[in-house]
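Here is start_5.tsv, consisting of TSV, N, CA and C atoms:
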chain	number	residue	atom	x	y	z
A	1	MET	N	71.00	17.82	95.18
A	1	MET	CA	69.57	17.67	94.98
A	1	MET	C	69.09	16.46	95.79
A	2	PRO	N	67.99	16.59	96.55
A	2	PRO	CA	67.50	15.47	97.35
A	2	PRO	C	67.08	14.30	96.46
A	3	ARG	N	67.31	13.09	96.97
A	3	ARG	CA	66.87	11.93	96.20
A	3	ARG	C	65.40	11.69	96.49
A	4	PRO	N	64.64	11.25	95.48
A	4	PRO	CA	63.21	11.00	95.70
A	4	PRO	C	62.99	9.82	96.63
A	5	MET	N	61.97	9.90	97.47
A	5	MET	CA	61.63	8.82	98.38
A	5	MET	C	60.45	8.07	97.79
A	6	PRO	N	60.57	6.75	97.64
A	6	PRO	CA	59.47	5.96	97.10
A	6	PRO	C	58.35	5.83	98.12
A	7	LEU	N	57.18	5.38	97.66
A	7	LEU	CA	56.04	5.21	98.55
A	7	LEU	C	56.26	4.06	99.53
A	8	PHE	N	56.96	3.02	99.11
A	8	PHE	CA	57.20	1.85	99.95
A	8	PHE	C	58.63	1.91	100.44
A	9	LEU	N	58.83	2.44	101.64
A	9	LEU	CA	60.17	2.66	102.17
A	9	LEU	C	60.73	1.40	102.80
A	10	THR	N	62.03	1.20	102.64
A	10	THR	CA	62.75	0.08	103.26
A	10	THR	C	63.93	0.65	104.04
A	11	ILE	N	64.57	-0.20	104.80
A	11	ILE	CA	65.73	0.23	105.57
A	11	ILE	C	66.83	0.78	104.65
A	12	ASP	N	66.91	0.25	103.43
A	12	ASP	CA	67.94	0.70	102.49
A	12	ASP	C	67.81	2.18	102.13
A	13	HIS	N	66.60	2.73	102.26
A	13	HIS	CA	66.41	4.15	101.98
A	13	HIS	C	67.00	5.02	103.09
A	14	PHE	N	67.08	4.47	104.30
A	14	PHE	CA	67.50	5.28	105.45
A	14	PHE	C	68.94	5.08	105.90
A	15	VAL	N	69.53	3.92	105.62
A	15	VAL	CA	70.91	3.69	106.05
A	15	VAL	C	71.84	4.81	105.58
A	16	PRO	N	71.75	5.27	104.32
A	16	PRO	CA	72.64	6.36	103.90
A	16	PRO	C	72.34	7.70	104.59
A	17	LEU	N	71.19	7.79	105.25
A	17	LEU	CA	70.79	9.04	105.90
A	17	LEU	C	71.19	9.09	107.38
A	18	VAL	N	71.79	8.01	107.91
A	18	VAL	CA	72.22	8.04	109.31
A	18	VAL	C	73.22	9.19	109.48
A	19	GLY	N	72.95	10.02	110.48
A	19	GLY	CA	73.76	11.21	110.72
A	19	GLY	C	73.15	12.47	110.13
A	20	ALA	N	72.14	12.32	109.28
A	20	ALA	CA	71.50	13.48	108.65
A	20	ALA	C	70.56	14.18	109.65
A	21	THR	N	70.46	15.47	109.50
A	21	THR	CA	69.55	16.28	110.31
A	21	THR	C	68.21	16.40	109.58
A	22	PHE	N	67.13	16.16	110.33
A	22	PHE	CA	65.78	16.28	109.80
A	22	PHE	C	65.10	17.46	110.49
A	23	ARG	N	64.68	18.43	109.70
A	23	ARG	CA	63.95	19.58	110.23
A	23	ARG	C	62.47	19.22	110.33
A	24	LEU	N	61.81	19.77	111.33
A	24	LEU	CA	60.37	19.58	111.50
A	24	LEU	C	59.73	20.96	111.31
A	25	PRO	N	59.29	21.27	110.09
A	25	PRO	CA	58.82	22.64	109.81
A	25	PRO	C	57.61	23.05	110.64
A	26	ASP	N	56.84	22.09	111.15
A	26	ASP	CA	55.67	22.43	111.96
A	26	ASP	C	56.03	22.65	113.43
A	27	VAL	N	57.30	22.41	113.79
A	27	VAL	CA	57.78	22.63	115.16
A	27	VAL	C	59.01	23.54	115.05
A	28	PRO	N	58.78	24.84	114.99
A	28	PRO	CA	59.89	25.78	114.77
A	28	PRO	C	61.04	25.58	115.74
A	29	GLY	N	62.25	25.59	115.19
A	29	GLY	CA	63.45	25.50	116.00
A	29	GLY	C	63.84	24.10	116.44
A	30	VAL	N	63.06	23.08	116.04
A	30	VAL	CA	63.36	21.72	116.46
A	30	VAL	C	63.81	20.90	115.25
A	31	SER	N	64.91	20.18	115.41
A	31	SER	CA	65.36	19.24	114.40
A	31	SER	C	65.81	17.97	115.10
A	32	LEU	N	65.79	16.88	114.36
A	32	LEU	CA	66.20	15.58	114.87
A	32	LEU	C	67.32	15.04	114.00
A	33	VAL	N	68.20	14.26	114.59
A	33	VAL	CA	69.29	13.63	113.84
A	33	VAL	C	69.02	12.13	113.81
A	34	LEU	N	69.07	11.55	112.61
A	34	LEU	CA	68.89	10.11	112.48
A	34	LEU	C	70.14	9.42	113.02
A	35	ALA	N	69.98	8.73	114.15
A	35	ALA	CA	71.12	8.09	114.82
A	35	ALA	C	71.29	6.64	114.41
A	36	GLN	N	70.18	5.98	114.03
A	36	GLN	CA	70.27	4.54	113.74
A	36	GLN	C	69.13	4.12	112.83
A	37	ALA	N	69.43	3.20	111.92
A	37	ALA	CA	68.44	2.51	111.10
A	37	ALA	C	68.78	1.03	111.22
A	38	ALA	N	67.88	0.24	111.85
A	38	ALA	CA	68.22	-1.16	112.14
A	38	ALA	C	67.05	-2.08	111.86
A	39	PRO	N	67.33	-3.30	111.36
A	39	PRO	CA	66.25	-4.28	111.14
A	39	PRO	C	65.70	-4.76	112.48
A	40	LEU	N	64.43	-5.14	112.46
A	40	LEU	CA	63.76	-5.69	113.65
A	40	LEU	C	63.52	-7.17	113.41
A	41	ALA	N	64.49	-7.97	113.72
A	41	ALA	CA	64.44	-9.41	113.43
A	41	ALA	C	63.31	-10.11	114.18
A	42	SER	N	62.87	-9.55	115.31
A	42	SER	CA	61.85	-10.22	116.10
A	42	SER	C	60.44	-10.00	115.57
A	43	MET	N	60.29	-9.17	114.54
A	43	MET	CA	58.95	-8.90	114.01
A	43	MET	C	58.73	-9.66	112.71
A	44	LYS	N	57.47	-10.00	112.45
A	44	LYS	CA	57.12	-10.65	111.18
A	44	LYS	C	57.17	-9.63	110.06
A	45	THR	N	57.38	-10.12	108.84
A	45	THR	CA	57.40	-9.26	107.67
A	45	THR	C	56.07	-8.55	107.55
A	46	GLY	N	56.12	-7.29	107.15
A	46	GLY	CA	54.93	-6.46	107.04
A	46	GLY	C	54.07	-6.82	105.84
A	47	GLY	N	53.07	-6.01	105.63
A	47	GLY	CA	52.12	-6.22	104.54
A	47	GLY	C	52.78	-6.22	103.18
A	48	VAL	N	52.13	-6.82	102.24
A	48	VAL	CA	52.67	-6.95	100.90
A	48	VAL	C	51.79	-6.17	99.93
A	49	LEU	N	52.42	-5.34	99.11
A	49	LEU	CA	51.71	-4.65	98.05
A	49	LEU	C	51.91	-5.43	96.77
A	50	PRO	N	50.92	-5.44	95.87
A	50	PRO	CA	51.07	-6.19	94.63
A	50	PRO	C	52.34	-5.79	93.87
A	51	GLY	N	53.11	-6.79	93.49
A	51	GLY	CA	54.32	-6.57	92.70
A	51	GLY	C	55.51	-6.08	93.50
A	52	ILE	N	55.40	-6.04	94.82
A	52	ILE	CA	56.50	-5.55	95.65
A	52	ILE	C	56.90	-6.64	96.64
A	53	THR	N	58.19	-6.85	96.78
A	53	THR	CA	58.71	-7.82	97.74
A	53	THR	C	58.36	-7.37	99.16
A	54	PRO	N	57.99	-8.30	100.04
A	54	PRO	CA	57.68	-7.91	101.43
A	54	PRO	C	58.85	-7.16	102.07
A	55	ARG	N	58.51	-6.22	102.91
A	55	ARG	CA	59.51	-5.40	103.58
A	55	ARG	C	59.98	-6.08	104.86
A	56	VAL	N	61.29	-6.05	105.08
A	56	VAL	CA	61.84	-6.50	106.35
A	56	VAL	C	61.56	-5.38	107.36
A	57	PRO	N	60.90	-5.68	108.48
A	57	PRO	CA	60.61	-4.63	109.46
A	57	PRO	C	61.90	-3.99	109.98
A	58	PHE	N	61.82	-2.68	110.23
A	58	PHE	CA	62.98	-1.94	110.74
A	58	PHE	C	62.51	-0.77	111.58
A	59	ASP	N	63.45	-0.22	112.33
A	59	ASP	CA	63.14	0.99	113.06
A	59	ASP	C	64.21	2.03	112.84
A	60	LEU	N	63.83	3.26	113.08
A	60	LEU	CA	64.73	4.40	113.02
A	60	LEU	C	64.77	5.02	114.40
A	61	ILE	N	65.95	5.39	114.84
A	61	ILE	CA	66.11	6.09	116.11
A	61	ILE	C	66.67	7.48	115.79
A	62	PHE	N	65.98	8.48	116.31
A	62	PHE	CA	66.39	9.87	116.14
A	62	PHE	C	66.78	10.44	117.50
A	63	THR	N	67.70	11.38	117.50
A	63	THR	CA	68.01	12.13	118.71
A	63	THR	C	67.57	13.57	118.50
A	64	GLY	N	67.10	14.17	119.59
A	64	GLY	CA	66.66	15.55	119.54
A	64	GLY	C	66.96	16.24	120.84
A	65	PRO	N	66.55	17.50	120.95
A	65	PRO	CA	66.81	18.23	122.18
A	65	PRO	C	65.98	17.68	123.35
A	66	LYS	N	66.44	17.93	124.57
A	66	LYS	CA	65.69	17.47	125.76
A	66	LYS	C	64.32	18.11	125.84
A	67	THR	N	64.24	19.37	125.45
A	67	THR	CA	62.96	20.06	125.44
A	67	THR	C	62.83	20.85	124.15
A	68	PRO	N	61.65	20.97	123.62
A	68	PRO	CA	60.43	20.35	124.11
A	68	PRO	C	60.41	18.86	123.77
A	69	VAL	N	59.73	18.07	124.60
A	69	VAL	CA	59.52	16.66	124.26
A	69	VAL	C	58.34	16.61	123.29
A	70	LEU	N	58.59	16.06	122.13
A	70	LEU	CA	57.54	15.99	121.11
A	70	LEU	C	56.58	14.85	121.43
A	71	PRO	N	55.27	15.08	121.37
A	71	PRO	CA	54.33	13.99	121.59
A	71	PRO	C	54.34	13.04	120.40
A	72	GLN	N	53.92	11.79	120.64
A	72	GLN	CA	53.86	10.85	119.52
A	72	GLN	C	52.80	11.32	118.55
A	73	GLN	N	53.18	11.41	117.29
A	73	GLN	CA	52.27	11.80	116.22
A	73	GLN	C	53.03	11.77	114.90
A	74	ILE	N	52.33	12.07	113.84
A	74	ILE	CA	52.95	12.17	112.52
A	74	ILE	C	53.53	13.56	112.36
A	75	TYR	N	54.79	13.60	111.92
A	75	TYR	CA	55.48	14.87	111.68
A	75	TYR	C	55.96	14.92	110.24
A	76	ARG	N	55.88	16.10	109.65
A	76	ARG	CA	56.54	16.33	108.36
A	76	ARG	C	58.02	16.51	108.68
A	77	MET	N	58.87	15.80	107.93
A	77	MET	CA	60.31	15.85	108.18
A	77	MET	C	61.02	16.20	106.88
A	78	GLU	N	61.96	17.12	106.97
A	78	GLU	CA	62.70	17.57	105.80
A	78	GLU	C	64.19	17.46	106.06
A	79	THR	N	64.92	16.98	105.07
A	79	THR	CA	66.38	16.90	105.15
A	79	THR	C	66.94	17.26	103.78
A	80	ASP	N	68.15	17.74	103.74
A	80	ASP	CA	68.77	18.09	102.46
A	80	ASP	C	69.09	16.86	101.64
A	81	ALA	N	69.15	15.68	102.27
A	81	ALA	CA	69.58	14.46	101.59
A	81	ALA	C	68.44	13.67	100.94
A	82	ALA	N	67.17	14.05	101.19
A	82	ALA	CA	66.03	13.32	100.63
A	82	ALA	C	64.84	14.25	100.56
A	83	GLU	N	63.85	13.83	99.80
A	83	GLU	CA	62.63	14.62	99.69
A	83	GLU	C	61.88	14.60	101.02
A	84	PRO	N	61.06	15.63	101.28
A	84	PRO	CA	60.28	15.65	102.52
A	84	PRO	C	59.40	14.41	102.65
A	85	MET	N	59.15	14.02	103.90
A	85	MET	CA	58.31	12.85	104.16
A	85	MET	C	57.54	13.08	105.44
A	86	GLU	N	56.52	12.28	105.67
A	86	GLU	CA	55.80	12.31	106.93
A	86	GLU	C	56.06	11.00	107.64
A	87	MET	N	56.26	11.10	108.96
A	87	MET	CA	56.63	9.92	109.72
A	87	MET	C	56.01	9.99	111.11
A	88	PHE	N	55.52	8.84	111.58
A	88	PHE	CA	55.00	8.73	112.94
A	88	PHE	C	56.16	8.42	113.86
A	89	ILE	N	56.44	9.32	114.79
A	89	ILE	CA	57.52	9.09	115.74
A	89	ILE	C	56.98	9.09	117.16
A	90	VAL	N	57.69	8.36	118.02
A	90	VAL	CA	57.30	8.19	119.42
A	90	VAL	C	58.51	8.51	120.30
A	91	PRO	N	58.33	9.33	121.34
A	91	PRO	CA	59.45	9.53	122.26
A	91	PRO	C	59.69	8.25	123.05
A	92	ILE	N	60.95	7.83	123.14
A	92	ILE	CA	61.24	6.58	123.85
A	92	ILE	C	62.14	6.82	125.06
A	93	GLY	N	62.39	8.05	125.38
A	93	GLY	CA	63.11	8.33	126.61
A	93	GLY	C	64.30	9.22	126.43
A	94	PRO	N	64.67	9.85	127.52
A	94	PRO	CA	65.84	10.72	127.45
A	94	PRO	C	67.13	9.92	127.48
A	95	GLU	N	68.14	10.51	126.94
A	95	GLU	CA	69.51	10.00	127.06
A	95	GLU	C	70.36	11.20	127.41
A	96	GLU	N	71.57	10.96	127.77
A	96	GLU	CA	72.44	12.07	128.12
A	96	GLU	C	72.51	13.05	126.95
A	97	GLY	N	72.09	14.26	127.19
A	97	GLY	CA	72.19	15.29	126.16
A	97	GLY	C	70.98	15.46	125.28
A	98	GLY	N	69.96	14.61	125.39
A	98	GLY	CA	68.81	14.78	124.52
A	98	GLY	C	67.71	13.76	124.74
A	99	MET	N	66.75	13.78	123.81
A	99	MET	CA	65.61	12.86	123.83
A	99	MET	C	65.70	11.94	122.62
A	100	LEU	N	65.34	10.68	122.81
A	100	LEU	CA	65.32	9.71	121.71
A	100	LEU	C	63.90	9.55	121.20
A	101	TYR	N	63.78	9.35	119.91
A	101	TYR	CA	62.49	9.11	119.24
A	101	TYR	C	62.64	7.90	118.33
A	102	GLN	N	61.55	7.15	118.17
A	102	GLN	CA	61.58	5.95	117.33
A	102	GLN	C	60.45	6.00	116.31
A	103	ALA	N	60.77	5.53	115.12
A	103	ALA	CA	59.77	5.29	114.06
A	103	ALA	C	59.92	3.82	113.69
A	104	VAL	N	58.81	3.07	113.62
A	104	VAL	CA	58.84	1.65	113.29
A	104	VAL	C	58.13	1.43	111.97
A	105	PHE	N	58.76	0.64	111.10
A	105	PHE	CA	58.19	0.29	109.81
A	105	PHE	C	58.03	-1.23	109.77
A	106	THR	N	56.78	-1.72	109.63
A	106	THR	CA	56.54	-3.16	109.59
A	106	THR	C	56.22	-3.61	108.19

Would you mind writing the file's structure down as structure tokens?
Amino acid sequence: MPRPMPLFLTIDHFVPLVGATFRLPDVPGVSLVLAQAAPLASMKTGGVLPGITPRVPFDLIFTGPKTPVLPQQIYRMETDAAEPMEMFIVPIGPEEGGMLYQAVFT
């Protein structure tokens, strides 16, 4: 059973998902694999919600097929390991065998 995703996501929610496949139901036949979840030490801590500790900024790197190249936008993402979520991803360039995408959380 997928684990619930809280409204205020941190890197700790994604580290266990490294290696997981994320389906994009609005882009038939395309899925991305979470390759990395890493803190962004060079960025300031993001906004603070009442009663919640400030989030350490982090990014997620996904790998996907070389084509189609997905434009930067918000995508619904589904994986067997967590509840569906929406995420803004940006293509950051090709690598051998596929395309890389990044999501940044401040």

Fewer than 6 positions away in the same chain doesn't count, so skip those; otherwise give me all residues within 7 Å of Leu34 of chain A, counting all atoms listed in the file, as a PDB file with N, CA and C atoms, keeping the file's coordinate frame.
ATOM      1  N   LEU A  17      71.190   7.790 105.250  1.00  0.00           N
ATOM      2  CA  LEU A  17      70.790   9.040 105.900  1.00  0.00           C
ATOM      3  C   LEU A  17      71.190   9.090 107.380  1.00  0.00           C
ATOM      4  N   VAL A  18      71.790   8.010 107.910  1.00  0.00           N
ATOM      5  CA  VAL A  18      72.220   8.040 109.310  1.00  0.00           C
ATOM      6  C   VAL A  18      73.220   9.190 109.480  1.00  0.00           C
ATOM      7  N   GLY A  19      72.950  10.020 110.480  1.00  0.00           N
ATOM      8  CA  GLY A  19      73.760  11.210 110.720  1.00  0.00           C
ATOM      9  C   GLY A  19      73.150  12.470 110.130  1.00  0.00           C
ATOM     10  N   ALA A  20      72.140  12.320 109.280  1.00  0.00           N
ATOM     11  CA  ALA A  20      71.500  13.480 108.650  1.00  0.00           C
ATOM     12  C   ALA A  20      70.560  14.180 109.650  1.00  0.00           C
ATOM     13  N   THR A  21      70.460  15.470 109.500  1.00  0.00           N
ATOM     14  CA  THR A  21      69.550  16.280 110.310  1.00  0.00           C
ATOM     15  C   THR A  21      68.210  16.400 109.580  1.00  0.00           C
ATOM     16  N   PHE A  22      67.130  16.160 110.330  1.00  0.00           N
ATOM     17  CA  PHE A  22      65.780  16.280 109.800  1.00  0.00           C
ATOM     18  C   PHE A  22      65.100  17.460 110.490  1.00  0.00           C
ATOM     19  N   LEU A  60      63.830   3.260 113.080  1.00  0.00           N
ATOM     20  CA  LEU A  60      64.730   4.400 113.020  1.00  0.00           C
ATOM     21  C   LEU A  60      64.770   5.020 114.400  1.00  0.00           C
ATOM     22  N   ILE A  61      65.950   5.390 114.840  1.00  0.00           N
ATOM     23  CA  ILE A  61      66.110   6.090 116.110  1.00  0.00           C
ATOM     24  C   ILE A  61      66.670   7.480 115.790  1.00  0.00           C
ATOM     25  N   PHE A  62      65.980   8.480 116.310  1.00  0.00           N
ATOM     26  CA  PHE A  62      66.390   9.870 116.140  1.00  0.00           C
ATOM     27  C   PHE A  62      66.780  10.440 117.500  1.00  0.00           C
ATOM     28  N   THR A  63      67.700  11.380 117.500  1.00  0.00           N
ATOM     29  CA  THR A  63      68.010  12.130 118.710  1.00  0.00           C
ATOM     30  C   THR A  63      67.570  13.570 118.500  1.00  0.00           C
TER      31      THR A  63
END

(Q) When you count only N, CA and C atoms, which of these residues is closest to Gln73 of chain A: A:Pro28, A:Gly97, A:Pro16, A:Pro91? (A) A:Pro91

Q | Best match for closeness to Arg76 of chain A among A:Val15, A:Val56, A:Thr10, A:Phe88, counting only N, CA and C atoms | A | A:Phe88

Q | Separation of atom CA of Tyr101 of chain A from atom CA of Arg55 of chain A, in Å and rounded to one decimal | A | 21.6 Å

Q | Test item, strand (DSSP E) assignment across chain A, answer as a ChimeraX atom specification | A | /A:21-23,31-39,58-64,73-79,82-95,98-105
